[in-house]
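Data file: data_16.tsv. Format and content: TSV, C-alpha atoms.
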```tsv
chain	number	residue	atom	x	y	z
A	134	MET	CA	-0.10	5.19	-18.92
A	135	THR	CA	0.28	2.62	-16.20
A	136	THR	CA	0.50	-0.73	-18.00
A	137	PRO	CA	3.19	-2.69	-16.11
A	138	SER	CA	4.53	-4.42	-19.26
A	139	LEU	CA	5.47	-1.16	-20.97
A	140	ILE	CA	9.14	-0.16	-20.99
A	141	PRO	CA	9.71	2.84	-18.69
A	142	ILE	CA	11.37	5.95	-20.15
A	143	ASN	CA	13.40	8.45	-18.13
A	144	VAL	CA	14.02	11.82	-19.77
A	145	LEU	CA	17.27	13.56	-18.76
A	146	THR	CA	17.18	17.26	-19.52
A	147	GLY	CA	19.05	20.41	-18.56
A	148	PHE	CA	20.63	23.45	-20.17
A	149	PHE	CA	24.00	23.44	-21.91
A	150	GLY	CA	26.83	22.82	-19.45
A	151	SER	CA	24.58	21.43	-16.75
A	152	GLY	CA	26.47	18.14	-16.58
A	153	LYS	CA	24.06	15.68	-18.23
A	154	THR	CA	26.67	13.81	-20.25
A	155	THR	CA	29.13	13.72	-17.35
A	156	LEU	CA	26.49	12.01	-15.22
A	157	LEU	CA	25.58	9.59	-18.00
A	158	ASN	CA	29.20	8.62	-18.48
A	159	ARG	CA	29.25	7.57	-14.82
A	160	TRP	CA	25.80	6.03	-14.79
A	161	VAL	CA	26.29	3.68	-17.74
A	162	HIS	CA	28.95	1.81	-15.78
A	163	GLN	CA	26.71	1.22	-12.75
A	164	LEU	CA	25.11	-2.17	-12.27
A	165	SER	CA	21.60	-0.69	-12.09
A	166	MET	CA	21.95	0.52	-15.69
A	167	ARG	CA	22.52	-2.97	-17.10
A	168	ASN	CA	20.13	-3.67	-19.98
A	169	THR	CA	19.25	0.04	-20.23
A	170	LEU	CA	19.07	1.73	-23.63
A	171	VAL	CA	20.55	5.23	-23.51
A	172	VAL	CA	19.50	7.54	-26.35
A	173	ILE	CA	21.57	10.69	-26.80
A	174	ASN	CA	21.28	13.47	-29.35
A	175	GLU	CA	23.96	13.24	-32.02
A	176	PHE	CA	24.52	16.99	-31.92
A	177	GLY	CA	25.70	16.89	-28.31
A	178	ASP	CA	29.17	18.25	-27.64
A	179	ILE	CA	30.47	14.87	-26.53
A	180	GLY	CA	29.09	11.37	-26.61
A	181	LEU	CA	29.23	8.68	-23.99
A	182	ASP	CA	32.88	7.74	-23.72
A	183	HIS	CA	33.25	9.33	-27.18
A	184	LEU	CA	31.68	6.22	-28.74
A	185	LEU	CA	28.59	7.79	-30.21
A	186	ILE	CA	29.90	10.69	-32.25
A	187	THR	CA	28.75	9.83	-35.76
A	188	HIS	CA	27.22	11.72	-38.63
A	189	SER	CA	26.37	8.72	-40.76
A	190	ASP	CA	22.82	7.78	-41.63
A	191	GLU	CA	23.20	4.35	-40.09
A	192	GLN	CA	21.47	3.58	-36.82
A	193	ALA	CA	23.92	1.94	-34.45
A	194	VAL	CA	23.31	0.36	-31.07
A	195	ILE	CA	26.55	0.01	-29.15
A	196	GLU	CA	26.89	-2.25	-26.14
A	197	MET	CA	28.96	-0.81	-23.29
A	198	SER	CA	31.12	-3.04	-21.12
A	199	SER	CA	28.54	-2.71	-18.34
A	200	GLY	CA	25.77	-4.19	-20.47
A	201	CYS	CA	24.21	-0.79	-21.14
A	202	LEU	CA	23.08	-0.19	-24.74
A	203	CYS	CA	23.51	3.19	-26.44
A	204	CYS	CA	22.28	4.80	-29.63
A	205	THR	CA	21.99	8.29	-31.12
A	206	LEU	CA	18.79	10.27	-31.61
A	207	ARG	CA	18.29	11.51	-35.14
A	208	GLY	CA	15.34	13.83	-35.24
A	209	ASP	CA	12.42	11.47	-34.84
A	210	LEU	CA	12.28	9.66	-31.51
A	211	SER	CA	9.76	7.07	-32.67
A	212	ARG	CA	11.85	6.08	-35.67
A	213	THR	CA	15.03	6.04	-33.58
A	214	LEU	CA	13.53	3.69	-30.99
A	215	GLN	CA	11.98	1.43	-33.63
A	216	GLN	CA	15.33	1.07	-35.37
A	217	ALA	CA	17.13	0.56	-32.07
A	218	LEU	CA	14.80	-2.26	-31.03
A	219	GLU	CA	15.15	-3.87	-34.44
A	220	ASP	CA	18.93	-3.65	-34.12
A	221	ILE	CA	18.83	-5.16	-30.63
A	222	GLN	CA	16.58	-7.98	-31.83
A	223	ALA	CA	18.86	-8.64	-34.80
A	224	GLN	CA	21.75	-9.04	-32.36
A	225	ASP	CA	19.64	-11.61	-30.47
A	226	LYS	CA	19.66	-9.50	-27.32
A	227	PRO	CA	16.72	-8.98	-24.95
A	228	PHE	CA	14.73	-5.78	-25.23
A	229	PRO	CA	15.90	-3.09	-22.78
A	230	SER	CA	14.26	-2.96	-19.39
A	231	ARG	CA	14.51	0.85	-19.41
A	232	VAL	CA	15.23	3.74	-21.80
A	233	VAL	CA	17.06	6.93	-20.81
A	234	ILE	CA	16.77	9.85	-23.25
A	235	GLU	CA	19.23	12.74	-22.98
A	236	THR	CA	17.86	15.91	-24.57
A	237	THR	CA	19.84	18.80	-26.00
A	238	GLY	CA	20.40	21.90	-23.89
A	239	LEU	CA	17.73	23.94	-25.68
A	240	ALA	CA	15.15	21.17	-25.90
A	241	ALA	CA	11.76	21.52	-24.25
A	242	PRO	CA	10.98	18.09	-22.74
A	243	THR	CA	7.30	18.78	-23.38
A	244	SER	CA	7.75	17.66	-27.00
A	245	ILE	CA	9.00	14.23	-25.89
A	246	LEU	CA	6.19	13.87	-23.35
A	247	GLN	CA	3.62	14.77	-25.99
A	248	LEU	CA	5.10	12.26	-28.42
A	249	LEU	CA	4.83	9.48	-25.82
A	250	MET	CA	1.14	10.32	-25.55
A	251	THR	CA	0.29	10.69	-29.24
A	252	ASP	CA	2.55	8.33	-31.17
A	253	HIS	CA	0.68	5.03	-31.48
A	254	TRP	CA	3.79	2.86	-31.71
A	255	LEU	CA	5.47	4.52	-28.70
A	256	ALA	CA	2.32	4.61	-26.56
A	257	HIS	CA	1.89	0.84	-26.85
A	258	ARG	CA	5.48	0.02	-25.93
A	259	PHE	CA	6.75	2.69	-23.54
A	260	LYS	CA	5.59	4.70	-20.54
A	261	LEU	CA	7.01	7.82	-18.94
A	262	ASP	CA	8.66	7.18	-15.60
A	263	SER	CA	10.36	10.49	-14.82
A	264	VAL	CA	11.72	13.76	-16.11
A	265	VAL	CA	15.10	14.49	-14.49
A	266	CYS	CA	16.65	17.94	-14.90
A	267	CYS	CA	20.29	18.89	-14.27
A	268	VAL	CA	20.99	22.42	-13.07
A	269	ASP	CA	24.51	23.85	-12.90
A	270	ALA	CA	25.00	25.12	-9.33
A	271	VAL	CA	27.57	27.69	-10.49
A	272	ASN	CA	25.66	29.26	-13.40
A	273	GLY	CA	22.12	28.02	-12.78
A	274	ALA	CA	20.65	31.26	-11.47
A	275	ALA	CA	21.97	33.28	-14.41
A	276	THR	CA	20.78	30.63	-16.87
A	277	LEU	CA	17.26	30.67	-15.43
A	278	THR	CA	17.14	34.45	-15.77
A	279	ALA	CA	18.38	34.50	-19.36
A	280	HIS	CA	16.72	31.45	-20.90
A	281	SER	CA	13.05	30.50	-20.79
A	282	GLU	CA	13.99	26.99	-21.98
A	283	SER	CA	15.83	26.43	-18.71
A	284	GLN	CA	12.80	27.61	-16.73
A	285	GLN	CA	10.56	25.14	-18.55
A	286	GLN	CA	13.01	22.28	-18.06
A	287	VAL	CA	13.00	22.94	-14.31
A	288	ALA	CA	9.25	23.50	-14.13
A	289	ILE	CA	8.14	20.15	-15.54
A	290	ALA	CA	10.82	17.98	-13.90
A	291	ASP	CA	10.04	15.26	-11.38
A	292	LYS	CA	13.58	15.37	-10.01
A	293	LEU	CA	16.18	18.15	-9.97
A	294	LEU	CA	19.91	17.40	-9.81
A	295	LEU	CA	22.10	20.29	-8.69
A	296	THR	CA	25.41	19.56	-10.39
A	297	LYS	CA	28.90	20.99	-9.74
A	298	THR	CA	27.98	21.79	-6.15
A	299	ASP	CA	31.61	21.12	-5.23
A	300	LEU	CA	32.57	24.15	-7.34
A	301	ALA	CA	30.04	26.59	-5.87
A	302	GLU	CA	29.83	28.42	-2.56
A	303	GLN	CA	27.31	26.88	-0.19
A	304	ASN	CA	25.25	30.07	0.03
A	305	VAL	CA	25.01	30.10	-3.79
A	306	VAL	CA	23.81	26.50	-3.79
A	307	SER	CA	21.24	27.22	-1.06
A	308	THR	CA	19.91	30.27	-2.89
A	309	LEU	CA	19.58	28.31	-6.12
A	310	ALA	CA	17.85	25.42	-4.34
A	311	ASN	CA	15.29	27.84	-2.91
A	312	GLN	CA	14.77	29.39	-6.32
A	313	LEU	CA	14.17	25.98	-7.90
A	314	ALA	CA	11.71	25.08	-5.14
A	315	ARG	CA	9.72	28.22	-5.91
A	316	ILE	CA	9.53	27.32	-9.59
A	317	ASN	CA	8.81	23.63	-8.98
A	318	PRO	CA	7.80	22.84	-5.39
A	319	THR	CA	7.02	19.17	-6.10
A	320	ALA	CA	10.37	18.08	-7.56
A	321	GLU	CA	12.85	16.19	-5.41
A	322	GLN	CA	16.24	17.90	-5.24
A	323	TRP	CA	19.59	16.10	-5.09
A	324	GLN	CA	23.03	17.70	-4.90
A	325	VAL	CA	25.75	16.18	-7.08
A	326	ILE	CA	29.31	16.36	-5.78
A	327	ASN	CA	32.22	15.50	-8.09
A	328	GLY	CA	29.75	14.01	-10.54
A	329	GLU	CA	28.91	11.13	-8.18
A	330	LEU	CA	25.27	10.09	-7.96
A	331	SER	CA	23.49	6.76	-8.08
A	332	ALA	CA	21.64	6.04	-11.32
A	333	SER	CA	18.80	4.66	-9.19
A	334	LEU	CA	17.69	8.26	-8.61
A	335	LEU	CA	16.58	8.38	-12.23
A	336	VAL	CA	13.73	6.01	-11.64
A	337	GLY	CA	10.58	5.72	-9.63
A	338	ALA	CA	8.56	8.90	-10.25
A	339	GLY	CA	5.88	7.29	-12.40
A	340	LEU	CA	2.32	6.59	-11.35
A	341	TYR	CA	2.90	2.84	-11.53
A	342	ARG	CA	6.09	1.86	-9.71
A	343	SER	CA	6.29	-1.89	-10.20
A	344	GLU	CA	4.25	-5.07	-9.95
A	345	HIS	CA	5.36	-5.42	-6.35
A	346	ALA	CA	4.95	-1.78	-5.29
A	347	GLY	CA	1.84	-1.08	-7.38
A	348	TYR	CA	0.47	2.43	-7.71
A	349	GLN	CA	2.09	5.34	-5.87
A	350	VAL	CA	-0.58	7.99	-6.34
A	351	ASP	CA	0.49	10.40	-3.59
A	352	GLN	CA	4.15	10.31	-4.61
A	353	TRP	CA	3.26	10.82	-8.27
A	354	LEU	CA	0.89	13.75	-7.66
A	355	LYS	CA	2.64	15.35	-4.66
A	356	ALA	CA	-0.31	17.63	-3.97
A	357	GLY	CA	0.87	17.88	-0.36
A	358	SER	CA	3.82	20.01	-1.52
A	359	TYR	CA	1.49	23.00	-1.75
A	360	THR	CA	0.50	25.03	1.29
A	361	VAL	CA	-3.25	25.54	1.58
A	362	GLN	CA	-4.14	29.21	1.34
A	363	PRO	CA	-7.55	30.95	1.58
A	364	ALA	CA	-7.08	32.20	-1.98
A	365	ASP	CA	-10.30	30.85	-3.40
A	366	GLN	CA	-13.28	28.80	-2.33
A	367	HIS	CA	-16.48	28.12	-4.24
A	368	ALA	CA	-18.79	25.15	-4.54
A	369	GLY	CA	-16.44	22.84	-2.69
A	370	ALA	CA	-13.36	23.93	-4.69
A	371	THR	CA	-10.19	25.28	-3.10
A	372	PHE	CA	-6.71	26.25	-4.19
A	373	SER	CA	-3.51	25.02	-2.61
A	374	LEU	CA	-0.81	27.39	-3.79
A	375	SER	CA	2.92	27.46	-3.55
A	376	LYS	CA	4.41	30.67	-2.19
A	377	HIS	CA	5.79	31.36	-5.65
A	378	SER	CA	2.32	31.29	-7.19
A	379	LEU	CA	0.86	33.60	-4.56
A	380	LEU	CA	3.58	36.17	-5.08
A	381	ASN	CA	3.35	36.21	-8.85
A	382	ALA	CA	-0.26	35.46	-9.71
A	383	THR	CA	-0.85	39.17	-10.36
A	384	GLN	CA	2.45	39.57	-12.24
A	385	PRO	CA	2.15	37.17	-15.17
A	386	ASP	CA	4.62	39.12	-17.32
A	387	SER	CA	7.44	39.10	-14.79
A	388	THR	CA	10.68	37.67	-16.20
A	389	SER	CA	12.85	37.54	-13.09
A	390	HIS	CA	14.13	34.07	-12.18
A	391	GLY	CA	11.24	32.12	-13.61
A	392	ASP	CA	8.50	34.28	-12.12
A	393	SER	CA	6.35	33.60	-15.20
A	394	ILE	CA	6.04	29.99	-13.98
A	395	ASN	CA	3.08	29.31	-11.71
A	396	ALA	CA	2.77	26.03	-9.81
A	397	PHE	CA	-0.47	25.38	-7.96
A	398	CYS	CA	-2.90	22.67	-6.92
A	399	PHE	CA	-6.65	22.99	-7.46
A	400	SER	CA	-8.82	20.74	-5.27
A	401	VAL	CA	-12.51	19.90	-5.63
A	402	GLU	CA	-14.05	18.28	-2.57
A	403	GLU	CA	-17.18	16.84	-4.20
A	404	PRO	CA	-17.19	14.37	-7.13
A	405	ILE	CA	-17.18	16.22	-10.45
A	406	HIS	CA	-19.78	15.72	-13.15
A	407	PRO	CA	-18.07	14.33	-16.29
A	408	ASP	CA	-19.53	17.12	-18.46
A	409	THR	CA	-18.11	19.78	-16.13
A	410	LEU	CA	-14.66	18.21	-16.22
A	411	GLU	CA	-14.65	17.82	-20.00
A	412	SER	CA	-15.89	21.34	-20.68
A	413	TRP	CA	-13.46	22.90	-18.21
A	414	LEU	CA	-10.40	21.09	-19.53
A	415	ASP	CA	-11.44	21.67	-23.16
A	416	ILE	CA	-11.63	25.43	-22.69
A	417	LEU	CA	-8.34	25.51	-20.77
A	418	MET	CA	-6.62	23.65	-23.58
A	419	SER	CA	-8.25	25.79	-26.26
A	420	LEU	CA	-7.35	29.12	-24.71
A	421	MET	CA	-4.17	28.36	-22.76
A	422	GLY	CA	-2.93	24.97	-23.93
A	423	ASP	CA	0.52	26.13	-25.01
A	424	LYS	CA	1.01	27.66	-21.55
A	425	MET	CA	-0.07	24.54	-19.65
A	426	LEU	CA	3.38	22.99	-19.32
A	427	ARG	CA	2.22	19.98	-17.33
A	428	ILE	CA	-0.96	18.87	-15.57
A	429	LYS	CA	-1.34	15.90	-13.24
A	430	ALA	CA	-4.61	15.02	-11.60
A	431	VAL	CA	-6.47	12.40	-9.61
A	432	VAL	CA	-10.16	12.88	-10.32
A	433	HIS	CA	-13.35	11.53	-8.77
A	434	LEU	CA	-16.41	11.63	-11.05
A	435	THR	CA	-20.08	11.40	-10.16
A	436	ASP	CA	-20.60	8.37	-12.41
A	437	ARG	CA	-17.64	6.32	-11.15
A	438	ASP	CA	-16.76	4.62	-7.88
A	439	THR	CA	-13.01	4.55	-8.61
A	440	PRO	CA	-10.73	7.51	-9.36
A	441	LEU	CA	-9.00	8.37	-12.61
A	442	ALA	CA	-5.45	9.63	-13.12
A	443	LEU	CA	-4.93	12.33	-15.76
A	444	HIS	CA	-1.67	13.52	-17.27
A	445	GLY	CA	-1.52	16.42	-19.72
A	446	VAL	CA	1.26	18.32	-21.47
A	447	GLN	CA	0.20	21.57	-23.14
A	448	HIS	CA	-2.65	20.73	-25.57
A	449	ILE	CA	-2.30	16.96	-25.20
A	450	PHE	CA	-3.84	14.66	-22.59
A	451	HIS	CA	-2.96	11.01	-22.19
A	452	PRO	CA	-6.00	8.73	-22.06
A	453	PRO	CA	-7.22	8.55	-18.43
A	454	ALA	CA	-5.86	5.71	-16.32
A	455	GLU	CA	-8.31	3.95	-14.02
A	456	LEU	CA	-6.92	3.62	-10.49
A	457	PRO	CA	-7.88	0.71	-8.26
A	458	ALA	CA	-10.25	1.24	-5.36
A	459	GLY	CA	-8.36	2.17	-2.22
A	460	SER	CA	-5.41	3.73	-4.06
A	461	VAL	CA	-6.33	7.12	-2.56
A	462	SER	CA	-7.64	7.89	0.90
A	463	ASP	CA	-10.50	10.30	0.10
A	464	ARG	CA	-12.85	11.49	-2.62
A	465	VAL	CA	-11.17	14.85	-3.20
A	466	SER	CA	-10.15	15.59	-6.80
A	467	ARG	CA	-6.73	17.23	-7.03
A	468	PHE	CA	-5.22	18.95	-10.09
A	469	VAL	CA	-1.56	19.98	-10.04
A	470	PHE	CA	-0.82	22.68	-12.64
A	471	ILE	CA	2.58	23.83	-13.88
A	472	THR	CA	1.85	26.83	-16.11
A	473	GLN	CA	3.60	29.73	-17.79
A	474	ASN	CA	1.91	33.13	-17.57
A	475	VAL	CA	-1.37	31.60	-16.39
A	476	SER	CA	-2.71	32.73	-13.03
A	477	PRO	CA	-4.54	30.40	-10.63
A	478	GLU	CA	-7.46	32.83	-10.63
A	479	SER	CA	-8.10	32.37	-14.35
A	480	VAL	CA	-8.21	28.58	-13.92
A	481	ALA	CA	-10.60	28.97	-10.96
A	482	GLU	CA	-12.87	31.35	-12.83
A	483	MET	CA	-13.31	28.90	-15.69
A	484	TYR	CA	-14.10	26.05	-13.32
A	485	ARG	CA	-16.67	28.23	-11.52
A	486	PHE	CA	-18.36	29.03	-14.82
A	487	PHE	CA	-18.85	25.41	-15.86
A	488	GLN	CA	-19.70	24.23	-12.35
A	489	THR	CA	-22.37	26.93	-12.01
A	490	SER	CA	-23.71	26.22	-15.48
A	491	LYS	CA	-24.13	22.54	-14.65
A	492	GLU	CA	-25.84	23.28	-11.31
A	493	SER	CA	-28.34	25.63	-12.98
A	494	ALA	CA	-29.07	23.27	-15.88
```
Before anything else, please render the file you have as structure tokens.
Amino acid sequence: MTTPSLIPINVLTGFFGSGKTTLLNRWVHQLSMRNTLVVINEFGDIGLDHLLITHSDEQAVIEMSSGCLCCTLRGDLSRTLQQALEDIQAQDKPFPSRVVIETTGLAAPTSILQLLMTDHWLAHRFKLDSVVCCVDAVNGAATLTAHSESQQQVAIADKLLLTKTDLAEQNVVSTLANQLARINPTAEQWQVINGELSASLLVGAGLYRSEHAGYQVDQWLKAGSYTVQPADQHAGATFSLSKHSLLNATQPDSTSHGDSINAFCFSVEEPIHPDTLESWLDILMSLMGDKMLRIKAVVHLTDRDTPLALHGVQHIFHPPAELPAGSVSDRVSRFVFITQNVSPESVAEMYRFFQTSKESA
């Protein structure tokens, strides 16, 4: 997950009409996008500068005037990227330093994240840097209410771009921004005016920033975004819950404005026995895996002196990444959960069961 030599991938998502392609058309001409491979879905309404609309079976990599490379996504991401790299190599060009993938409006980015974890060829060549979600400031609230896909796109994003803010009343933008913060309290929010935004905001949310900057554990996990509440405490374990989670933990079937999404942080103050961690996560994935939209964690185990970073999407976990000593300031394990129709209490109850079982063994 953190190998510096892997090519970083940025996933650009958002519902139909949220302004993804408009932003890309501006970004590909910025200097920071030079030697970036942009992958767009061929069924999009428009392509970048209308260059990529094609229904042929041929895989084409087109070089933009800025030095940005573009190709179309045809079903299988792994095959698309393999063919794109072969095409780039055949043209005697250097491999891209970054890949930006634009999803369709109805796509759940979880499928791309899972593929990056499970596809052997992808996992050895690419790493996830960020999930960036565009939200239409004019229609965003209505879209979130009507479409669960939009809720999921917002929920798992690392960065949220509020587009078309120049076309919306300020009070509408503020209300939407607050709504997005309730669904996803860890995501950075940026307002886009007249489609102008630096492409540099795409990057930098990954666990490993660069060879110079090293690991950015706190920025990746963002556990501090959750307000500590006396919601639960047992055997050195506490919950840090967002206001959204507290309000809706007892209303898992609510459908108003993304209320089925729960975002919370579970902290364990003492090092965790490996068997407890494995059993707890196994049962969560078995019973609720499809509802676990995204899990990030920094974990301290009883048999290790250095922490591990975990990243899971629904039923799939990436192999743990060993963090260097001193990358975190304490020995507290922190798990950030983004879930759909899963209450914090159910997660706590399962941890209590396995923790108690291990103590009594």
Problem - atom CA of A:Ala256 to atom CA of A:Phe228, distance in Å rounded to a single decimal - result: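 Straight-line distance from atom CA of A:Ala256 to atom CA of A:Phe228 works out to 16.2 Å.
Picture a line from atom CA of A:Glu329 to atom CA of A:Asp269; it runs 14.3 Å.
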Exercise for the section: Considering all atoms listed in the file, state which residue in the set A:Ala356, A:Leu170, A:Ile245, A:Val268 is at the smallest distance from A:Leu313. Expected result: A:Val268
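Summary of the local environment: counting only C-alpha atoms, residues at most 10 Å from A:Leu214, other than itself and those fewer than 6 positions away along its chain, are A:Leu170, A:Val172, A:Gln192, A:Cys204, A:Thr205, A:Leu206, A:Asp220, A:Val232, A:Trp254, A:Leu255.
From atom CA of A:Arg427 back to atom CA of A:Glu282, the distance works out to 14.5 Å.
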Practice task
List the neighbours of A:Val336 out to 7 Å using all atoms listed in the file; skip same-chain residues closer than 2 positions along the sequence, and give me the result as a PyMOL selection string.
Solution key: chain A and resi 143+262-263+333-334+338
Problem - Using only C-alpha atoms: which of A:His444, A:Lys260, A:Arg212, A:Lys297 has the shortest distance to A:Phe470 - result: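 When distances to A:Phe470 are compared using only C-alpha atoms, the smallest one comes from A:His444.
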Completion exercise
Across A:Leu443, A:Ile471, A:Ala458, A:Met425, the smallest distance to A:Pro318, with all atoms listed in the file counted, is shown by A:Ile471
Write out as a compact mmCIF listing (two decimals) with C-alpha atoms, in the frame of the given file each polymer residue whose atoms come within 12 Å of A:Leu156, counting only C-alpha atoms; drop sequence neighbours fewer than 6 positions from it.
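Written output follows (selection26.txt):
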```txt
# COMPACT_ATOMS: atom_id res chain seq x y z
CA LEU A 145 17.27 13.56 -18.76
CA THR A 146 17.18 17.26 -19.52
CA GLY A 147 19.05 20.41 -18.56
CA GLY A 150 26.83 22.82 -19.45
CA HIS A 162 28.95 1.81 -15.78
CA GLN A 163 26.71 1.22 -12.75
CA GLY A 180 29.09 11.37 -26.61
CA LEU A 181 29.23 8.68 -23.99
CA ASP A 182 32.88 7.74 -23.72
CA GLU A 235 19.23 12.74 -22.98
CA VAL A 265 15.10 14.49 -14.49
CA CYS A 266 16.65 17.94 -14.90
CA CYS A 267 20.29 18.89 -14.27
CA VAL A 268 20.99 22.42 -13.07
CA LEU A 294 19.91 17.40 -9.81
CA LEU A 295 22.10 20.29 -8.69
CA THR A 296 25.41 19.56 -10.39
CA LYS A 297 28.90 20.99 -9.74
CA VAL A 325 25.75 16.18 -7.08
CA ILE A 326 29.31 16.36 -5.78
CA ASN A 327 32.22 15.50 -8.09
CA GLY A 328 29.75 14.01 -10.54
CA GLU A 329 28.91 11.13 -8.18
CA LEU A 330 25.27 10.09 -7.96
CA SER A 331 23.49 6.76 -8.08
CA ALA A 332 21.64 6.04 -11.32
CA LEU A 334 17.69 8.26 -8.61
CA LEU A 335 16.58 8.38 -12.23
```
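Every protein, DNA or RNA residue with an atom at most 9 Å from A:Leu354, where all atoms listed in the file count and chain neighbours fewer than 3 positions away do not, is listed here: Thr319, Leu340, Gln349, Val350, Asp351, Gly357, Lys429, Ala430, Val431, Arg467, Phe468 and Val469 of chain A.
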Handout entry: Exercise: A:Ile221 partners within 12 Å, all atoms listed in the file, chain neighbours under 2 positions left out, as a ChimeraX atom specification
Key = /A:168-170,192-196,201-204,214-219,223-229
Practice task
Considering all atoms listed in the file, state which residue in the set A:Leu249, A:Ile416, A:Leu164, A:Ala274 is at the smallest distance from A:Pro452.
Solution key: A:Leu249
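Residues near the point (1.1, 27.8, -19.7), at a distance of 10 Å or less over all atoms listed in the file, make up Gln285, Ser393, Ile394, Asn395, Leu417, Met418, Leu420, Met421, Gly422, Asp423, Lys424, Met425, Leu426, Arg427, Val446, Gln447, His448, Phe470, Ile471, Thr472, Gln473, Asn474, Val475 and Ser476 of chain A.
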